[in-house]
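One structure is given below, encoded as structure tokens.
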2 protein chains.
Amino acid sequence: MADYVVIMAGGSGTRFWPASRRARPKQFLPIGGTTSLLRQTVERVLPEFDWSRILVVTGQAHAEHARLELPELPVENVLVEPAARNTAACIGWATRVLLARDPDAAACVLPSDHFVSDAALFCRHLKAALRAAREVKTIVLLGLMPTHPETGYGYIERGEAHGESLGFPLNAVKRFVEKPDRATALGYLSAGTYLWNSGMFVFPANVMDAAISKHLPALASGLDRLASEDLGAVYPTLPSTSIDYGVMEKAGNLLVLPANFPWSDVGSWDAAYELHPRDESGNVLLGAALAVGTKNTFVDARSGRTVAIVGLEDVVVVDTPDALLIARRGQSQDVKLVVDALTAAGKKELL
Amino acid sequence: MADYVVIMAGGSGTRFWPASRRARPKQFLPIGGTTSLLRQTVERVLPEFDWSRILVVTGQAHAEHARLELPELPVENVLVEPAARNTAACIGWATRVLLARDPDAAACVLPSDHFVSDAALFCRHLKAALRAAREVKTIVLLGLMPTHPETGYGYIERGEAHGESLGFPLNAVKRFVEKPDRATALGYLSAGTYLWNSGMFVFPANVMDAAISKHLPALASGLDRLASEDLGAVYPTLPSTSIDYGVMEKAGNLLVLPANFPWSDVGSWDAAYELHPRDESGNVLLGAALAVGTKNTFVDARSGRTVAIVGLEDVVVVDTPDALLIARRGQSQDVKLVVDALTAAGKKELL
């Protein structure tokens with residue numbers, strides 16, 4: 001009857017260039033705190049889950065980095081994917097690993113690169129979701145109650161009420177909807193029945209395993225082969241599909257727990273600015289940053305060089321030893337244009 | 001009858017922080033070009049003046065740096081002041097050095113940290129001023145014809161016409177005026193009789209020596225002692241006054257040559273922006289700079305790190321290995337507030 005946390009740390013991306021690189025994706029960055037998002041994710045659940053109950057799934061490129069970030073984690077709890085095969089394979093494999101340890105295991109699947117500011121409140125949600133998942137024998141999603149008409153997230157429409165767990169009400173999942181346009185997002189906000197899909201969900205391992213067998217039989221067969229064949233030979237042949245598309249949208253009896261802890265998926269440097277305390281001028285100054293006559297500006301100078309900023313407003317500055325970003329706040333998603341230009345110029349050492 | 005150039009390279013200052021430091025003042029920075037302003041000053045006159053005819057006066061702190069910048073310069077042509085005693089002492093000493101080499105020497109005194117973009121035109125002005133100074137036996141100042149109502153320069157009011165030299169007309173100097181306010185500067189511009197005081201002037205050495213003896217007798221006595229006593233003992237005792245106040249404003253027969261070469265005293269990073277060619281977006285991108293959706297911005301990334309700038313306008317960025325400046329263009333004079341803050345914080349290594 002052990003409860004586990006499974007942290008998906010296989011992501012890659014360039015939205016946090018220059019801090020993020022191929023060798024150092026977002027989950028390894030100290031955003032919204034002084035340690036990496038990955039370590040923040042682990043530390044958030046440590047009051048309720050022992051190190052032995054935490055699994056981290058990551059790719060070969062980042063396994064060593066993950067171990068260095070989490071030296072307390074037992075080596076057998078780092079699951080290293082020989083190839084990236086999307087989230088269904090990742091979660092299916094982790095589920096099999098848990099079942100081998102404990103046929104009655106349940107798991108909370110958490111992204112490694114999100115921000116949550118109230119760990120105690122967050123853990124209460126996890127405990128409630130675990131209890132409901134075990135009782136109802138289903139997958140329970142955490143759906144954040146929206147606070148603004150966000151167009152960057154997918155939404156879950158909640159259906160009928162389905163009792164409560166540890167004081168938290170639950171609902172049936174009516175449907176999943178893609179990222180909406182602004183008008184639609186405004187409608188979702190006023191309707192009150194739409195929740196942000198956080199990518200966090202909880203399930204008894206045997207329930208998830210059965211759901212994969214039912215909805216993704218080819219994946220289930222592949223996972224069966226892992227019992228007797230080499231991981232490195234089998235894993236790259238697993239079908240590549242997302243858990244959302246492959247399981248969630250097909251399973252009929254999902255529940256959603258409306259959640260209200262402060263959360264962000266930290267999609268850009270603009271979002272990172274929102275996560276740090278601001279000074280009286282609205283500035284977030286990290287490291288050796290010095291601001292004169294400057295407002296509402298984010299400066300990450302934690303790489304050690306002194307960054308002085310004079311007479312500016314609404315700017316994002318991120319300094320690293322070999323590259324620097326200076327962007328208009330609100331336009332930090334255009335960092336991808338910088339990455340594209342560096343790629344075109346063959347500047348691999350900066351990517 | 002040898003003509004010399006005497007370059008005053010003893011300046012210090014913080015207006016170009018973080019590129020300028022105590023150990024590396026403005027004259028050693030590659031502003032408006034790829035070599036230092038000091039070396040640009042020398043190269044500007046090389047078509048007309050042999051290395052043996054160029055003297056550089058500097059302080060002990062910067063002598064080695066000056067020699068490294070100008071390895072072609074004969075060692076005896078670097079005059080190292082044991083202490084900074086302002087411009088009258090500096091020019092008085094250089095004048096004595098020249099007289100010892102050639103009683104008929106004449107000199108062009110040039111600041112080491114100004115920008116001039118047309119070397120041939122500039123040299124024609126120097127030749128004309130030298131010829132007039134020898135003929136009239138006086139000091140000839142170069143006064144720039146103003147192109148805008150600049151409030152950052154002192155002005156020379158020109159008096160009666162005084163013939164011509166090599167095609168350039170000359171005037172008597174009517175008076176010197178301090179930096180004006182904007183209304184006064186506008187009046188000067190429309191009057192047409194006011195010239196920017198460039199700090200450049202030309203004289204026969206014996207004329208300058210006589211003027212110092214007449215107007216600054218204590219300095220002349222001190223300079224006399226240099227013939228028999230130790231430089232390091234005597235120089236620090238010389239009276240500290242500027243050549244403008246000590247000689248120019250007291251001498252009665254000065255001439256001014258109205259000059260029209262493109263010139264700037266490069267008073268700030270804002271001025272530096274004006275000196276470089278701009279791309280079609282109005283940007284000056286030096287070194288590894290990359291601009292996306294950015295206009296009218298100056299980025300000096302010649303220290304080697306990649307600087308990416310996204311969605312900004314009218315910004316000055318100067319990158320150095322240990323410090324970075326990001327300032328609103330038009331406010332770059334506020335860099336002194338940064339220097340003050342670093343001083344207050346005891347960050348000597350950045351000053």
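Chain labels A, B, ... are given in the sequence in which chains occur in the structure tokens; within each chain residues are numbered consecutively from 1, and ligands are likewise numbered from 1 in the order shown.
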Taking only segment 211-263 of chain A into account, list the residues labelled alpha helix (DSSP H) by DSSP (computed from the backbone), as a list of chain:residue names.
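Across segment 211-263 of chain A, those assigned alpha helix (DSSP H) are A:Ala211, A:Ile212, A:Ser213, A:Lys214, A:His215, A:Pro217, A:Ala218, A:Leu219, A:Ala220, A:Ser221, A:Gly222, A:Leu223, A:Asp224, A:Arg225, A:Leu231, A:Gly232, A:Ala233, A:Val234, A:Ile243.
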Compile the residues of chain A that lie within 8 Å of chain B, evaluated using only C-alpha atoms, and express the compilation as a list in words.
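Listing them in order of chain and number gives Leu290, Val292, Arg305, Thr306, Val307, Ala308, Ile309, Val310, Gly311, Leu312, Pro321, Asp322, Ala323, Leu324, Leu325, Ile326, Ala327, Arg328, Gln331, Ser332, Asp334, Val335, Leu337 and Val338 of chain A.
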Pull N, CA and C atoms from the residues just selected and write them as a compact mmCIF listing (two decimals), in the first residue's frame.
```
# COMPACT_ATOMS: atom_id res chain seq x y z
N LEU A 290 22.39 45.46 -9.93
CA LEU A 290 22.35 46.82 -9.39
C LEU A 290 21.44 47.63 -10.30
N VAL A 292 19.39 51.27 -11.12
CA VAL A 292 19.27 52.71 -10.88
C VAL A 292 18.12 53.22 -11.75
N ARG A 305 28.78 37.83 -12.48
CA ARG A 305 29.19 39.14 -12.97
C ARG A 305 28.24 40.21 -12.45
N THR A 306 28.77 41.41 -12.26
CA THR A 306 27.93 42.53 -11.85
C THR A 306 27.15 43.03 -13.05
N VAL A 307 25.84 43.15 -12.90
CA VAL A 307 24.97 43.68 -13.95
C VAL A 307 24.35 44.97 -13.42
N ALA A 308 24.69 46.09 -14.05
CA ALA A 308 24.12 47.38 -13.66
C ALA A 308 23.12 47.80 -14.71
N ILE A 309 21.93 48.21 -14.26
CA ILE A 309 20.88 48.57 -15.20
C ILE A 309 20.36 49.95 -14.80
N VAL A 310 20.29 50.83 -15.80
CA VAL A 310 20.03 52.25 -15.56
C VAL A 310 18.86 52.75 -16.41
N GLY A 311 17.83 53.28 -15.76
CA GLY A 311 16.80 54.03 -16.48
C GLY A 311 15.88 53.19 -17.35
N LEU A 312 15.71 51.91 -17.03
CA LEU A 312 14.88 51.07 -17.89
C LEU A 312 13.65 50.58 -17.14
N PRO A 321 27.77 32.71 -18.09
CA PRO A 321 29.19 32.98 -18.39
C PRO A 321 29.47 33.25 -19.86
N ASP A 322 28.76 32.62 -20.79
CA ASP A 322 29.11 32.83 -22.20
C ASP A 322 28.02 33.49 -23.03
N ALA A 323 26.88 33.80 -22.44
CA ALA A 323 25.83 34.45 -23.23
C ALA A 323 24.90 35.21 -22.31
N LEU A 324 24.31 36.24 -22.89
CA LEU A 324 23.48 37.17 -22.14
C LEU A 324 22.22 37.44 -22.93
N LEU A 325 21.08 37.46 -22.23
CA LEU A 325 19.83 37.85 -22.87
C LEU A 325 19.31 39.13 -22.24
N ILE A 326 18.92 40.07 -23.09
CA ILE A 326 18.24 41.29 -22.65
C ILE A 326 16.98 41.39 -23.49
N ALA A 327 15.81 41.29 -22.85
CA ALA A 327 14.56 41.26 -23.62
C ALA A 327 13.53 42.17 -22.98
N ARG A 328 12.69 42.70 -23.83
CA ARG A 328 11.49 43.40 -23.35
C ARG A 328 10.63 42.40 -22.61
N GLN A 331 7.91 39.92 -24.08
CA GLN A 331 8.36 39.42 -25.38
C GLN A 331 9.41 38.33 -25.19
N SER A 332 9.49 37.80 -23.98
CA SER A 332 10.58 36.87 -23.72
C SER A 332 10.39 35.55 -24.46
N ASP A 334 10.16 35.43 -27.48
CA ASP A 334 10.95 35.60 -28.70
C ASP A 334 12.39 35.14 -28.54
N VAL A 335 12.73 34.67 -27.35
CA VAL A 335 14.04 34.07 -27.18
C VAL A 335 14.23 32.93 -28.19
N LEU A 337 13.57 33.06 -31.25
CA LEU A 337 14.15 33.65 -32.45
C LEU A 337 15.66 33.78 -32.32
N VAL A 338 16.11 34.06 -31.10
CA VAL A 338 17.55 34.11 -30.84
C VAL A 338 18.15 32.72 -31.01
```
Hey, which of B:Pro146, B:Gly152, B:Pro277, B:Gly287 ends up closest to Pro262 of chain B? Count only C-alpha atoms.
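Closest to Pro262 of chain B of all the choices is B:Pro146.
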So that I can check the surroundings of Leu285 of chain B, please list as a list in words every protein, DNA and RNA residue that reaches within 7 Å of it, counting only C-alpha atoms and ignoring chain neighbours fewer than 5 positions away.
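Residues meeting the cut-off are Phe298, Val299 and Asp300 of chain B.
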Create the file for the chosen residues now, containing C-alpha atoms and written as a PDB file, in the first residue's frame.
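Saved to out_39.pdb:
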```
ATOM      1  CA  PHE B 298      24.176  50.313 -28.984  1.00  0.00           C
ATOM      2  CA  VAL B 299      25.662  46.960 -27.983  1.00  0.00           C
ATOM      3  CA  ASP B 300      29.380  46.651 -27.339  1.00  0.00           C
TER       4      ASP B 300
END
```
Based on the backbone DSSP call, show me all residues of segment 246-347 of chain A assigned strand (DSSP E or B), as a count of residues only.
37
I'd like the neighbourhood of Asp181 of chain B as a PyMOL selection string, where a residue qualifies if any of its atoms comes within 9 Å (using only C-alpha atoms), though same-chain residues fewer than 5 positions away should be ignored.
chain B and resi 150-152+186
Print the selection's residues with C-alpha atoms to a file, as a JSON list (two decimals), in the first residue's frame.
```json
[["chain", "number", "residue", "atom", "x", "y", "z"],
["B", 150, "GLU", "CA", 25.68, 71.89, -27.41],
["B", 151, "THR", "CA", 25.63, 72.64, -23.69],
["B", 152, "GLY", "CA", 28.47, 70.29, -22.84],
["B", 186, "LEU", "CA", 21.09, 78.49, -29.21]]
```
Nearest to Pro30 of chain A: which of A:Val136, A:Ala344, A:Ala272, A:Ile7 is it, counting only C-alpha atoms?
A:Ala272
